[in-house]
>>> print(open('target_0.cif').read())   # mmCIF, C-alpha atoms
data_run
loop_
_atom_site.label_atom_id
_atom_site.label_comp_id
_atom_site.auth_asym_id
_atom_site.auth_seq_id
_atom_site.Cartn_x
_atom_site.Cartn_y
_atom_site.Cartn_z
CA MET A 1 106.52 69.57 112.88
CA GLY A 2 108.51 66.74 114.50
CA ARG A 3 107.16 65.90 117.95
CA ASN A 4 103.94 67.71 117.36
CA ALA A 5 103.29 65.60 114.28
CA GLU A 6 104.11 62.38 116.14
CA LEU A 7 101.77 63.30 118.96
CA LYS A 8 98.97 64.21 116.59
CA TYR A 9 99.43 60.92 114.81
CA LEU A 10 99.22 58.96 118.07
CA VAL A 11 96.05 60.81 119.03
CA ALA A 12 94.57 60.02 115.62
CA THR A 13 95.45 56.37 116.02
CA ALA A 14 93.88 56.18 119.47
CA ARG A 15 90.77 57.82 118.07
CA ALA A 16 90.65 55.25 115.29
CA LEU A 17 90.99 52.46 117.84
CA ALA A 18 88.07 53.81 119.83
CA GLY A 19 86.02 54.29 116.66
CA GLY A 20 86.81 50.81 115.40
CA THR A 21 85.56 49.41 118.69
CA ILE A 22 82.32 51.40 118.52
CA PHE A 23 81.58 50.29 114.97
CA ALA A 24 82.60 46.68 115.53
CA PHE A 25 81.21 45.78 118.92
CA PRO A 26 77.78 44.57 117.72
CA LEU A 27 79.61 42.02 115.58
CA LEU A 28 82.12 41.21 118.30
CA MET A 29 79.15 40.31 120.50
CA THR A 30 77.39 38.18 117.87
CA MET A 31 77.94 34.46 118.34
CA GLU A 32 77.43 33.59 114.68
CA MET A 33 80.49 35.73 113.96
CA TRP A 34 82.55 33.67 116.41
CA TRP A 35 81.41 30.47 114.72
CA LEU A 36 82.14 31.84 111.27
CA GLY A 37 85.70 32.28 112.47
CA PHE A 38 86.21 28.54 112.46
CA HIS A 39 83.73 27.13 109.99
CA MET A 40 83.82 29.54 107.08
CA ASP A 41 85.77 28.59 104.02
CA PRO A 42 89.39 29.75 104.49
CA PHE A 43 89.72 30.79 100.84
CA ARG A 44 86.63 32.99 100.98
CA LEU A 45 87.94 34.56 104.18
CA ALA A 46 91.33 35.16 102.52
CA LEU A 47 89.62 36.71 99.50
CA PHE A 48 87.60 38.95 101.78
CA LEU A 49 90.78 40.18 103.47
CA ILE A 50 92.42 40.83 100.11
CA VAL A 51 89.35 42.74 98.88
CA SER A 52 89.26 44.81 102.04
CA LEU A 53 92.64 46.41 101.41
CA PRO A 54 91.74 48.36 98.24
CA LEU A 55 88.39 49.23 99.84
CA LEU A 56 90.12 50.69 102.88
CA THR A 57 92.57 52.52 100.62
CA GLY A 58 89.71 54.01 98.61
CA LEU A 59 87.92 55.00 101.79
CA SER A 60 91.07 56.69 103.04
CA PHE A 61 91.32 58.64 99.82
CA LEU A 62 87.67 59.64 99.59
CA SER A 63 87.35 60.73 103.17
CA GLY A 64 90.61 62.61 102.90
CA PHE A 65 91.01 66.14 101.66
CA GLU A 66 94.39 66.23 100.01
CA ASP A 67 94.31 67.39 96.48
CA THR A 68 96.73 64.79 95.24
CA PHE A 69 96.03 61.11 95.35
CA ARG A 70 99.00 59.74 97.20
CA TRP A 71 99.12 56.00 96.89
CA ARG A 72 101.65 55.57 99.61
CA ASP A 73 99.72 57.55 102.20
CA ASP A 74 96.41 55.91 101.51
CA VAL A 75 97.85 52.40 101.43
CA MET A 76 99.68 53.10 104.69
CA ASP A 77 96.42 54.37 106.16
CA ALA A 78 94.61 51.23 105.04
CA LEU A 79 97.25 48.99 106.63
CA THR A 80 97.17 50.98 109.86
CA ALA A 81 93.38 50.71 109.90
CA TYR A 82 93.64 46.97 109.41
CA GLY A 83 96.12 46.69 112.28
CA ILE A 84 93.84 48.74 114.49
CA GLY A 85 90.86 46.56 113.57
CA PHE A 86 92.89 43.47 114.33
CA VAL A 87 94.09 44.71 117.72
CA ALA A 88 90.64 45.94 118.78
CA SER A 89 89.00 42.64 117.74
CA ALA A 90 91.66 40.48 119.38
CA ALA A 91 91.54 42.41 122.66
CA LEU A 92 87.76 42.33 122.97
CA LEU A 93 87.40 38.70 121.91
CA MET A 94 89.98 37.81 124.54
CA LEU A 95 88.12 39.77 127.22
CA PHE A 96 84.84 38.10 126.19
CA GLY A 97 86.47 34.69 126.56
CA VAL A 98 85.75 33.89 122.92
CA ILE A 99 89.38 33.20 122.15
CA GLY A 100 91.77 31.61 124.59
CA PRO A 101 95.03 29.75 124.82
CA ASN A 102 93.38 26.29 124.77
CA GLN A 103 92.09 26.77 121.23
CA PRO A 104 94.01 25.82 118.09
CA TRP A 105 95.60 28.72 116.21
CA THR A 106 93.35 28.21 113.20
CA GLU A 107 90.30 28.97 115.33
CA ILE A 108 91.86 32.03 116.99
CA VAL A 109 93.15 33.53 113.74
CA GLY A 110 89.85 32.89 111.96
CA LYS A 111 87.78 34.49 114.71
CA ILE A 112 89.94 37.61 114.76
CA ALA A 113 90.28 37.85 110.96
CA VAL A 114 86.55 37.85 110.26
CA GLN A 115 86.04 40.67 112.78
CA SER A 116 89.09 42.71 111.86
CA VAL A 117 87.71 44.08 108.58
CA PRO A 118 84.52 45.72 109.91
CA ALA A 119 86.56 47.04 112.84
CA ALA A 120 89.09 48.47 110.37
CA ILE A 121 86.33 50.21 108.40
CA GLY A 122 85.04 51.59 111.69
CA GLY A 123 88.49 52.84 112.58
CA MET A 124 88.79 54.56 109.24
CA LEU A 125 85.43 56.28 109.68
CA ALA A 126 86.20 57.28 113.25
CA ARG A 127 88.50 60.06 112.16
CA LYS A 128 85.54 61.68 110.48
CA GLN A 129 83.03 61.00 113.21
CA LEU A 130 85.15 61.73 116.26
CA GLY A 131 87.78 63.89 114.69
CA GLU A 132 88.24 67.53 114.20
CA GLU A 133 86.36 69.38 111.53
CA CYS A 134 87.98 69.50 108.19
CA ASP A 135 87.12 70.15 104.62
CA GLN A 136 86.44 66.52 103.83
CA GLU A 137 84.22 67.07 100.84
CA SER A 138 86.85 67.98 98.34
CA ASN A 139 88.21 64.54 97.47
CA LEU A 140 84.76 63.04 97.29
CA ARG A 141 83.63 65.85 95.03
CA ARG A 142 86.68 65.43 92.89
CA ALA A 143 86.05 61.71 92.59
CA GLY A 144 82.68 62.47 91.06
CA TYR A 145 80.07 59.87 90.22
CA PRO A 146 82.31 56.75 90.58
CA GLY A 147 83.25 58.05 94.02
CA ILE A 148 79.61 58.23 94.99
CA LEU A 149 79.00 54.68 93.81
CA PHE A 150 82.05 53.57 95.80
CA VAL A 151 80.76 55.28 98.93
CA MET A 152 77.38 53.62 98.42
CA ALA A 153 79.07 50.24 98.11
CA MET A 154 81.01 50.79 101.32
CA GLY A 155 77.86 51.79 103.19
CA ALA A 156 76.03 48.76 101.83
CA LEU A 157 78.92 46.47 102.76
CA PHE A 158 79.12 47.81 106.27
CA LEU A 159 75.43 47.49 107.14
CA ALA A 160 74.99 44.20 105.28
CA PHE A 161 77.96 42.79 107.13
CA ASN A 162 76.39 43.70 110.45
CA VAL A 163 73.33 41.52 109.94
CA ALA A 164 74.44 38.93 107.37
CA PRO A 165 75.96 36.47 109.86
CA THR A 166 72.72 36.07 111.82
CA GLU A 167 70.42 33.13 111.32
CA GLU A 168 67.49 35.50 110.87
CA MET A 169 68.54 36.55 107.36
CA LEU A 170 67.78 33.10 105.97
CA LEU A 171 64.83 32.59 108.30
CA ILE A 172 63.17 35.76 107.01
CA SER A 173 63.75 34.80 103.41
CA PHE A 174 62.23 31.35 104.04
CA ARG A 175 59.11 32.93 105.53
CA MET A 176 58.56 35.36 102.69
CA SER A 177 56.45 34.72 99.65
CA PRO A 178 57.78 35.95 96.29
CA TRP A 179 55.27 38.83 96.50
CA GLN A 180 56.58 39.92 99.85
CA ALA A 181 60.12 39.77 98.46
CA LEU A 182 59.04 41.98 95.60
CA GLY A 183 57.44 44.39 98.05
CA LEU A 184 60.64 44.53 100.11
CA ALA A 185 62.67 45.20 96.97
CA LEU A 186 60.40 48.11 96.03
CA LEU A 187 60.52 49.47 99.57
CA SER A 188 64.34 49.30 99.53
CA LEU A 189 64.42 51.23 96.29
CA LEU A 190 61.98 53.80 97.61
CA VAL A 191 63.92 54.30 100.85
CA LEU A 192 67.17 54.59 98.93
CA HIS A 193 65.66 57.22 96.68
CA ALA A 194 64.12 59.12 99.59
CA PHE A 195 67.44 59.32 101.41
CA VAL A 196 69.35 60.42 98.34
CA TYR A 197 66.64 62.98 97.64
CA ALA A 198 66.70 64.33 101.17
CA ILE A 199 70.43 64.24 101.84
CA GLY A 200 71.88 64.67 98.41
CA PHE A 201 75.34 63.64 97.44
CA SER A 202 77.84 66.41 97.97
CA GLY A 203 76.78 68.84 95.32
CA GLN A 204 76.47 66.09 92.76
CA ALA A 205 72.76 65.83 92.94
CA GLU A 206 70.87 68.95 93.53
CA PRO A 207 67.87 66.78 93.78
CA VAL A 208 65.32 69.46 94.45
CA ARG A 209 65.81 70.88 91.00
CA ALA A 210 66.68 67.71 89.10
CA PRO A 211 63.74 65.84 87.61
CA LEU A 212 62.54 62.81 89.54
CA TRP A 213 63.38 60.21 86.92
CA HIS A 214 66.88 61.64 86.75
CA THR A 215 67.64 61.08 90.44
CA VAL A 216 66.03 57.66 90.37
CA LEU A 217 68.02 56.46 87.37
CA ARG A 218 71.24 58.12 88.40
CA PHE A 219 71.33 57.21 92.08
CA ALA A 220 68.55 54.98 93.40
CA VAL A 221 68.65 52.27 90.71
CA PRO A 222 72.45 51.86 90.54
CA GLY A 223 72.60 52.21 94.32
CA TYR A 224 70.14 49.38 94.78
CA GLY A 225 71.97 47.28 92.22
CA ILE A 226 75.17 47.78 94.19
CA ALA A 227 73.37 46.93 97.43
CA LEU A 228 72.12 43.65 95.92
CA LEU A 229 75.54 42.69 94.56
CA VAL A 230 77.20 43.49 97.87
CA SER A 231 74.55 41.40 99.66
CA LEU A 232 75.16 38.46 97.36
CA TYR A 233 78.91 38.71 97.88
CA VAL A 234 78.54 38.84 101.67
CA LEU A 235 76.11 35.89 101.67
CA TRP A 236 78.51 33.89 99.53
CA THR A 237 81.47 34.82 101.73
CA PHE A 238 79.64 33.52 104.78
CA GLY A 239 78.64 30.35 102.94
CA ARG A 240 74.96 31.25 103.14
CA THR A 241 74.30 30.52 99.49
CA ASP A 242 75.82 27.03 99.50
CA GLY A 243 73.36 24.41 98.40
CA MET A 244 70.51 26.91 98.00
CA ALA A 245 68.21 26.96 95.01
CA LEU A 246 68.35 30.02 92.76
CA MET A 247 64.99 31.37 93.97
CA GLU A 248 65.98 31.01 97.62
CA THR A 249 69.29 32.74 96.94
CA VAL A 250 67.55 35.64 95.23
CA GLN A 251 65.15 36.02 98.14
CA ALA A 252 67.98 35.98 100.68
CA MET A 253 69.75 38.58 98.55
CA VAL A 254 66.67 40.81 98.59
CA VAL A 255 66.31 40.42 102.37
CA LEU A 256 69.92 41.40 102.98
CA GLY A 257 69.56 44.00 100.24
CA PHE A 258 67.23 46.00 102.49
CA PRO A 259 69.83 46.86 105.17
CA ALA A 260 72.41 47.14 102.39
CA ALA A 261 70.24 49.73 100.63
CA LEU A 262 69.87 51.64 103.88
CA GLY A 263 73.64 51.54 104.24
CA ALA A 264 74.14 52.76 100.68
CA ALA A 265 71.62 55.54 101.20
CA THR A 266 73.07 56.83 104.42
CA ALA A 267 76.76 56.22 103.68
CA ARG A 268 77.12 59.86 102.79
CA LEU A 269 76.36 60.79 106.38
CA VAL A 270 79.27 58.90 107.88
CA ILE A 271 81.93 59.19 105.22
CA MET B 1 92.91 64.04 105.10
CA VAL B 2 90.73 62.02 107.30
CA GLY B 3 92.11 58.50 107.08
CA ILE B 4 94.05 57.03 109.94
CA GLY B 5 97.33 58.47 108.86
CA GLY B 6 95.82 61.82 108.26
CA THR B 7 97.74 64.83 107.33
CA VAL B 8 99.51 65.59 110.52
CA ASP B 9 101.91 68.27 109.56
CA ALA B 10 102.08 71.10 112.04
CA GLU B 11 100.28 73.40 109.67
CA GLY B 12 97.34 71.05 109.99
CA ARG B 13 94.72 71.15 107.33
CA GLY B 14 95.73 73.95 105.16
CA ASP B 15 94.27 74.97 101.92
CA GLY B 16 94.53 71.49 100.48
CA ARG B 17 97.01 72.76 97.94
CA ARG B 18 100.29 71.91 99.57
CA ALA B 19 103.13 70.88 97.35
CA ARG B 20 104.05 67.23 97.37
CA GLY B 21 107.31 67.45 99.24
CA GLU B 22 106.13 69.53 102.15
CA ARG B 23 104.77 66.81 104.33
CA ARG B 24 107.07 64.41 106.12
CA THR B 25 105.58 61.12 107.27
CA PRO B 26 105.83 60.84 111.08
CA VAL B 27 107.89 57.93 112.42
CA THR B 28 104.87 56.67 114.37
CA GLU B 29 102.94 56.43 111.10
CA TRP B 30 105.61 54.18 109.63
CA ILE B 31 105.57 52.03 112.76
CA ALA B 32 101.76 51.80 112.89
CA SER B 33 101.33 50.96 109.24
CA GLY B 34 104.27 48.56 109.40
CA MET B 35 102.62 46.68 112.24
CA GLY B 36 99.36 46.75 110.30
CA ALA B 37 101.12 45.26 107.29
CA ILE B 38 102.65 42.51 109.41
CA LEU B 39 99.27 41.66 110.96
CA PHE B 40 97.57 41.73 107.56
CA LEU B 41 100.10 39.53 105.78
CA GLY B 42 100.44 37.25 108.81
CA THR B 43 96.69 36.69 109.03
CA LEU B 44 96.35 36.17 105.31
CA GLY B 45 99.26 33.74 105.28
CA MET B 46 97.88 31.70 108.17
CA ILE B 47 94.40 31.52 106.65
CA LEU B 48 95.77 30.41 103.28
CA TYR B 49 98.01 27.88 105.02
CA GLU B 50 94.97 26.55 106.84
CA GLY B 51 92.98 26.38 103.62
CA ILE B 52 95.70 24.52 101.76
CA PHE B 53 97.12 22.20 104.39
CA VAL B 54 94.79 21.89 107.36
CA ALA B 55 91.12 22.10 106.45
CA GLY B 56 89.36 19.52 104.39
CA SER B 57 89.48 16.16 106.14
CA PRO B 58 86.06 15.17 107.57
CA PRO B 59 85.30 15.42 111.29
CA ASP B 60 86.83 12.61 113.33
CA VAL B 61 85.40 12.84 116.84
CA ARG B 62 86.92 10.89 119.74
CA VAL B 63 85.35 10.94 123.20
CA GLU B 64 87.15 10.16 126.41
CA ILE B 65 86.45 10.31 130.15
CA ARG B 66 88.19 13.06 132.07
CA ASP B 67 87.03 12.15 135.56
CA VAL B 68 84.15 10.69 137.57
CA ALA B 69 82.79 12.32 140.72
CA ARG B 70 80.05 11.46 143.19
CA GLN B 71 77.33 14.11 143.32
CA GLY B 72 74.43 13.76 145.78
CA GLU B 73 72.45 10.72 144.69
CA GLY B 74 74.30 10.25 141.43
CA TRP B 75 77.53 10.61 139.54
CA LEU B 76 79.02 13.13 137.19
CA VAL B 77 81.20 11.87 134.38
CA ARG B 78 83.15 14.67 132.75
CA VAL B 79 84.00 13.94 129.15
CA LYS B 80 86.19 15.50 126.51
CA ALA B 81 85.38 15.32 122.80
CA THR B 82 88.25 15.89 120.40
CA ASN B 83 87.88 16.45 116.67
CA LEU B 84 90.96 15.08 114.95
CA GLY B 85 89.60 15.97 111.51
CA GLY B 86 89.99 19.31 109.75
CA ALA B 87 86.34 20.22 109.21
CA THR B 88 84.03 21.64 111.85
CA ALA B 89 81.25 19.41 113.16
CA ALA B 90 78.03 21.03 114.38
CA GLU B 91 75.44 19.54 116.75
CA VAL B 92 77.66 16.68 117.81
CA ARG B 93 75.69 14.32 120.05
CA VAL B 94 77.83 12.48 122.58
CA THR B 95 76.16 9.58 124.38
CA GLY B 96 77.22 7.62 127.40
CA ARG B 97 75.60 4.23 128.03
CA LEU B 98 75.91 2.44 131.35
CA ARG B 99 75.49 -1.32 131.04
CA ARG B 100 75.74 -4.42 133.14
CA GLY B 101 76.82 -7.16 130.75
CA ASP B 102 74.48 -6.85 127.76
CA GLU B 103 71.76 -5.09 129.69
CA THR B 104 71.55 -1.28 129.40
CA VAL B 105 71.12 0.39 132.77
CA GLU B 106 70.81 4.02 131.65
CA ASP B 107 71.72 6.51 128.92
CA ALA B 108 72.81 10.10 129.14
CA SER B 109 73.76 12.42 126.30
CA ILE B 110 75.01 15.91 125.57
CA LEU B 111 74.84 18.04 122.46
CA LEU B 112 77.89 20.08 121.50
CA ASP B 113 76.91 23.07 119.37
CA TYR B 114 80.19 23.22 117.52
CA LEU B 115 83.36 21.16 117.52
CA PRO B 116 85.87 22.86 115.22
CA GLY B 117 88.59 20.90 113.49
CA HIS B 118 91.59 20.00 115.65
CA SER B 119 89.75 21.29 118.72
CA GLU B 120 88.33 19.89 121.90
CA ARG B 121 85.25 20.68 123.93
CA GLU B 122 84.31 19.41 127.37
CA GLY B 123 81.01 18.50 128.96
CA GLY B 124 79.48 16.31 131.64
CA LEU B 125 77.06 13.37 131.79
CA PHE B 126 74.87 12.74 134.84
CA PHE B 127 74.15 9.16 135.88
CA ARG B 128 72.19 7.66 138.76
CA GLY B 129 74.12 4.40 138.64
CA ASP B 130 77.75 4.11 139.60
CA PRO B 131 79.82 4.33 136.40
CA GLU B 132 82.78 2.74 138.10
CA SER B 133 81.07 -0.51 139.03
CA LEU B 134 79.30 -0.75 135.67
CA VAL B 135 80.56 -0.57 132.09
CA LEU B 136 80.43 2.89 130.49
CA ASP B 137 80.40 3.17 126.69
CA LEU B 138 81.05 6.62 125.26
CA ARG B 139 80.60 7.57 121.68
CA ALA B 140 79.82 10.41 119.29
CA GLU B 141 76.63 9.57 117.41
CA GLY B 142 76.73 12.06 114.57
CA TYR B 143 77.01 15.66 113.45
CA VAL B 144 75.73 18.09 110.86
CA GLU B 145 77.83 20.33 108.66
CA PRO B 146 77.62 23.88 109.89
#
>>> encode(input="target_0.cif", output="structure tokens")
Amino acid sequence: MGRNAELKYLVATARALAGGTIFAFPLLMTMEMWWLGFHMDPFRLALFLIVSLPLLTGLSFLSGFEDTFRWRDDVMDALTAYGIGFVASAALLMLFGVIGPNQPWTEIVGKIAVQSVPAAIGGMLARKQLGEECDQESNLRRAGYPGILFVMAMGALFLAFNVAPTEEMLLISFRMSPWQALGLALLSLLVLHAFVYAIGFSGQAEPVRAPLWHTVLRFAVPGYGIALLVSLYVLWTFGRTDGMALMETVQAMVVLGFPAALGAATARLVI
Amino acid sequence: MVGIGGTVDAEGRGDGRRARGERRTPVTEWIASGMGAILFLGTLGMILYEGIFVAGSPPDVRVEIRDVARQGEGWLVRVKATNLGGATAAEVRVTGRLRRGDETVEDASILLDYLPGHSEREGGLFFRGDPESLVLDLRAEGYVEP
């Protein structure tokens, strides 16, 4: 152990840094995200940071393969991931000229903070995507059905977050009629079901043998519900729901719910 | 374990049934997560501080001339807009009006996409007349909330 362990840890951290950058760069290169850094409500941003910590901890646990849930390890992992997300975001924003010394600290901190969470999630996932093979299924399997719902929520959050800051989300919802919104909702549900059916969830669903209504009720419907709630939370966090009528809010939620449902459906592939 | 910290004992990923005490946390892991904790708490603290003490007051935009330069047939007046308020102003229109006495000679304006609280942005106004021999009025006309 000793030096070998230290070296392995450094390699893992570097890998996470690279992964965080890969997952976060579309957002780092989105101007609405820079603007959100200074005009979004500070309390909603603070809440988002606070929420991210248990999410990262849960992700660390579920994508891990230790048979004991070790709070300390997973919390430490979450904090490291946050630090990595912060460093990756700060470095790239500085290179892009988005943050600079002539800006007030509130603007700089806000711009980095809003990017650091998706980058941290990316860093956490990087170990799986870029890392060595390991028996990563065991913790997820042990976590059972709640674990699957959690993974779906993380997938929904990640994809929703990638498109939610753009102007197009609201623009699309303004263009849609209620019937089109309904159609999109049904399509989201269908896609979610199709993915779960095709990919399955780690031995939980053996969808080929389970009856159709069973898979739909057990995975697609709750998954879509989670996707919609995550969408609403992200829209609210970005201040997109402020001053909107209920109908408009619901439509925006359905629009963002489509990528969120895709994220929920495919989360199993990356976690 | 697949998280950042990972299980990095020399035995690597074993059978997943190691006893609790077997794994020692590498020093680098303590350092990395410690720095992460500092960044997390620092960011959170600064954002909450901003929310409680800084943000809130409405935009208060002041415009001033930075310099005036001759350019071909006209003049460039570089201006700086400063928002002394806490809230961000979007689509801030800054207008410069050249006048001789009460008579307006020409107008020029710029539109600043965003002017965050306690921040400044710079821009330039082009005039055909000489701003130094005439009177130049600068002002911010309005903004929208982002």
>>> atom_distance(input="target_0.cif", atom1="CA of Ile172 in chain A", atom2="CA of Val255 in chain A")
7.3 Å
>>> atom_distance(input="target_0.cif", atom1="CA of Tyr114 in chain B", atom2="CA of Arg70 in chain B")
28.2 Å
>>> atom_distance(input="target_0.cif", atom1="CA of Glu120 in chain B", atom2="CA of Thr82 in chain B")
4.3 Å
>>> residues_around(input="target_0.cif", residues="range 227-235 of chain A", least_positions_apart="6", cutoff="7 Å", atoms="all atoms listed in the file", output="list in words")
Ala153, Ala156, Leu157, Ala160, Phe161, Ala164, Thr241, Met253, Val254, Leu256, Gly257, Ala260, Ala261 and Ala264 of chain A
>>> resolve_selection(input="target_0.cif", expression="the PyMOL selection byres ((chain B and resi 63) around 9)", output="NGL selection string")
:B and (61-62 or 64-65 or 79-83 or 94 or 138-140)
>>> closest_residue(input="target_0.cif", among="B:Leu136, B:Leu115, B:Leu98, B:Ile110", to="chain A", atoms="only C-alpha atoms")
B:Leu115
>>> residues_near_point(input="target_0.cif", point="(85.5, 54.0, 98.9)", cutoff="7 Å", atoms="only C-alpha atoms", output="JSON, numbers by chain")
{"A": [55, 56, 58, 59, 62, 147, 150, 151, 154]}
>>> residues_around(input="target_0.cif", residues="Asp113 in chain B", least_positions_apart="2", cutoff="8 Å", atoms="all atoms listed in the file", output="PyMOL selection string")
chain B and resi 90-92+111+115
>>> closest_residue(input="target_0.cif", among="B:Asp60, B:His118, B:Gly101, B:Ala108", to="chain A", atoms="all atoms listed in the file")
B:His118
>>> closest_residue(input="target_0.cif", among="A:Met124, A:Met40, A:Leu189, A:Leu47", to="chain B", atoms="only C-alpha atoms")
A:Met124
>>> residues_near_point(input="target_0.cif", point="(91.5, 51.2, 117.5)", cutoff="10 Å", atoms="all atoms listed in the file", output="list in words")
Ala12, Thr13, Ala14, Arg15, Ala16, Leu17, Ala18, Gly19, Gly20, Thr21, Ile22, Thr80, Ala81, Tyr82, Gly83, Ile84, Gly85, Phe86, Val87, Ala88, Ser89, Ala119, Ala120, Gly122, Gly123, Met124 and Ala126 of chain A; Ile4 of chain B
>>> residues_around(input="target_0.cif", residues="Gly86 in chain B", least_positions_apart="4", cutoff="9 Å", atoms="all atoms listed in the file", output="ChimeraX atom specification")
/B:54-60,116-118
>>> resolve_selection(input="target_0.cif", expression="the PyMOL selection byres ((chain B and resi 99) around 10)", output="PDB file with C-alpha atoms, in the coordinates of the input")
ATOM      1  CA  GLY B  96      77.220   7.620 127.400  1.00  0.00           C
ATOM      2  CA  ARG B  97      75.600   4.230 128.030  1.00  0.00           C
ATOM      3  CA  LEU B  98      75.910   2.440 131.350  1.00  0.00           C
ATOM      4  CA  ARG B 100      75.740  -4.420 133.140  1.00  0.00           C
ATOM      5  CA  GLY B 101      76.820  -7.160 130.750  1.00  0.00           C
ATOM      6  CA  ASP B 102      74.480  -6.850 127.760  1.00  0.00           C
ATOM      7  CA  GLU B 103      71.760  -5.090 129.690  1.00  0.00           C
ATOM      8  CA  THR B 104      71.550  -1.280 129.400  1.00  0.00           C
ATOM      9  CA  VAL B 105      71.120   0.390 132.770  1.00  0.00           C
ATOM     10  CA  GLU B 106      70.810   4.020 131.650  1.00  0.00           C
ATOM     11  CA  ASP B 107      71.720   6.510 128.920  1.00  0.00           C
ATOM     12  CA  GLY B 129      74.120   4.400 138.640  1.00  0.00           C
ATOM     13  CA  PRO B 131      79.820   4.330 136.400  1.00  0.00           C
ATOM     14  CA  SER B 133      81.070  -0.510 139.030  1.00  0.00           C
ATOM     15  CA  LEU B 134      79.300  -0.750 135.670  1.00  0.00           C
ATOM     16  CA  VAL B 135      80.560  -0.570 132.090  1.00  0.00           C
ATOM     17  CA  LEU B 136      80.430   2.890 130.490  1.00  0.00           C
ATOM     18  CA  ASP B 137      80.400   3.170 126.690  1.00  0.00           C
TER      19      ASP B 137
END
>>> residues_around(input="target_0.cif", residues="Leu79 in chain A", least_positions_apart="3", cutoff="6 Å", atoms="only C-alpha atoms", output="PyMOL selection string")
(chain A and resi 76+82) or (chain B and resi 33+36-37)
>>> closest_residue(input="target_0.cif", among="B:Glu73, B:Asp67, B:Glu122, B:Glu132", to="chain A", atoms="only C-alpha atoms")
B:Glu122
>>> closest_residue(input="target_0.cif", among="A:Ile199, A:Ala252, A:Val270, A:Met29", to="chain B", atoms="all atoms listed in the file")
A:Val270
>>> closest_residue(input="target_0.cif", among="A:Val11, A:Ala24, A:Leu182, A:Leu92", to="chain B", atoms="all atoms listed in the file")
A:Val11
>>> resolve_selection(input="target_0.cif", expression="the PyMOL selection byres ((chain B and resi 126) around 9)", output="short mmCIF file (atom, residue, chain, number, x, y, z; two decimals) with C-alpha atoms, keeping the file's coordinate frame")
data_model
loop_
_atom_site.label_atom_id
_atom_site.label_comp_id
_atom_site.auth_asym_id
_atom_site.auth_seq_id
_atom_site.Cartn_x
_atom_site.Cartn_y
_atom_site.Cartn_z
CA GLN B 71 77.33 14.11 143.32
CA GLY B 74 74.30 10.25 141.43
CA TRP B 75 77.53 10.61 139.54
CA LEU B 76 79.02 13.13 137.19
CA VAL B 77 81.20 11.87 134.38
CA ARG B 78 83.15 14.67 132.75
CA ALA B 108 72.81 10.10 129.14
CA SER B 109 73.76 12.42 126.30
CA GLY B 124 79.48 16.31 131.64
CA LEU B 125 77.06 13.37 131.79
CA PHE B 127 74.15 9.16 135.88
CA ARG B 128 72.19 7.66 138.76
#
>>> axis_aligned_box(input="target_0.cif", around="range 62-80 of chain B", padding_each_side="3 Å", output="JSON")
{"center_x": 80.3, "center_y": 12.8, "center_z": 132.8, "size_x": 21.7, "size_y": 11.3, "size_z": 32.0}
>>> build_atoms(input="target_0.cif", residues="range 34-44 of chain B", atoms="N, CA and C atoms", output="mmCIF file, in the frame of the given file")
data_model
loop_
_atom_site.group_PDB
_atom_site.id
_atom_site.type_symbol
_atom_site.label_atom_id
_atom_site.label_comp_id
_atom_site.auth_asym_id
_atom_site.auth_seq_id
_atom_site.Cartn_x
_atom_site.Cartn_y
_atom_site.Cartn_z
ATOM 1 N N GLY B 34 103.432 49.760 109.494
ATOM 2 C CA GLY B 34 104.270 48.560 109.400
ATOM 3 C C GLY B 34 103.693 47.409 110.204
ATOM 4 N N MET B 35 103.232 47.729 111.422
ATOM 5 C CA MET B 35 102.620 46.680 112.240
ATOM 6 C C MET B 35 101.321 46.191 111.590
ATOM 7 N N GLY B 36 100.577 47.136 111.015
ATOM 8 C CA GLY B 36 99.360 46.750 110.300
ATOM 9 C C GLY B 36 99.674 45.804 109.156
ATOM 10 N N ALA B 37 100.737 46.113 108.423
ATOM 11 C CA ALA B 37 101.120 45.260 107.290
ATOM 12 C C ALA B 37 101.506 43.869 107.765
ATOM 13 N N ILE B 38 102.239 43.809 108.883
ATOM 14 C CA ILE B 38 102.650 42.510 109.410
ATOM 15 C C ILE B 38 101.417 41.693 109.827
ATOM 16 N N LEU B 39 100.480 42.359 110.529
ATOM 17 C CA LEU B 39 99.270 41.660 110.960
ATOM 18 C C LEU B 39 98.458 41.195 109.752
ATOM 19 N N PHE B 40 98.362 42.079 108.744
ATOM 20 C CA PHE B 40 97.570 41.730 107.560
ATOM 21 C C PHE B 40 98.168 40.526 106.841
ATOM 22 N N LEU B 41 99.460 40.618 106.538
ATOM 23 C CA LEU B 41 100.100 39.530 105.780
ATOM 24 C C LEU B 41 100.157 38.252 106.618
ATOM 25 N N GLY B 42 100.394 38.416 107.926
ATOM 26 C CA GLY B 42 100.440 37.250 108.810
ATOM 27 C C GLY B 42 99.100 36.523 108.829
ATOM 28 N N THR B 43 98.018 37.302 109.005
ATOM 29 C CA THR B 43 96.690 36.690 109.030
ATOM 30 C C THR B 43 96.372 36.010 107.719
ATOM 31 N N LEU B 44 96.636 36.725 106.632
ATOM 32 C CA LEU B 44 96.350 36.170 105.310
ATOM 33 C C LEU B 44 97.139 34.885 105.084
#
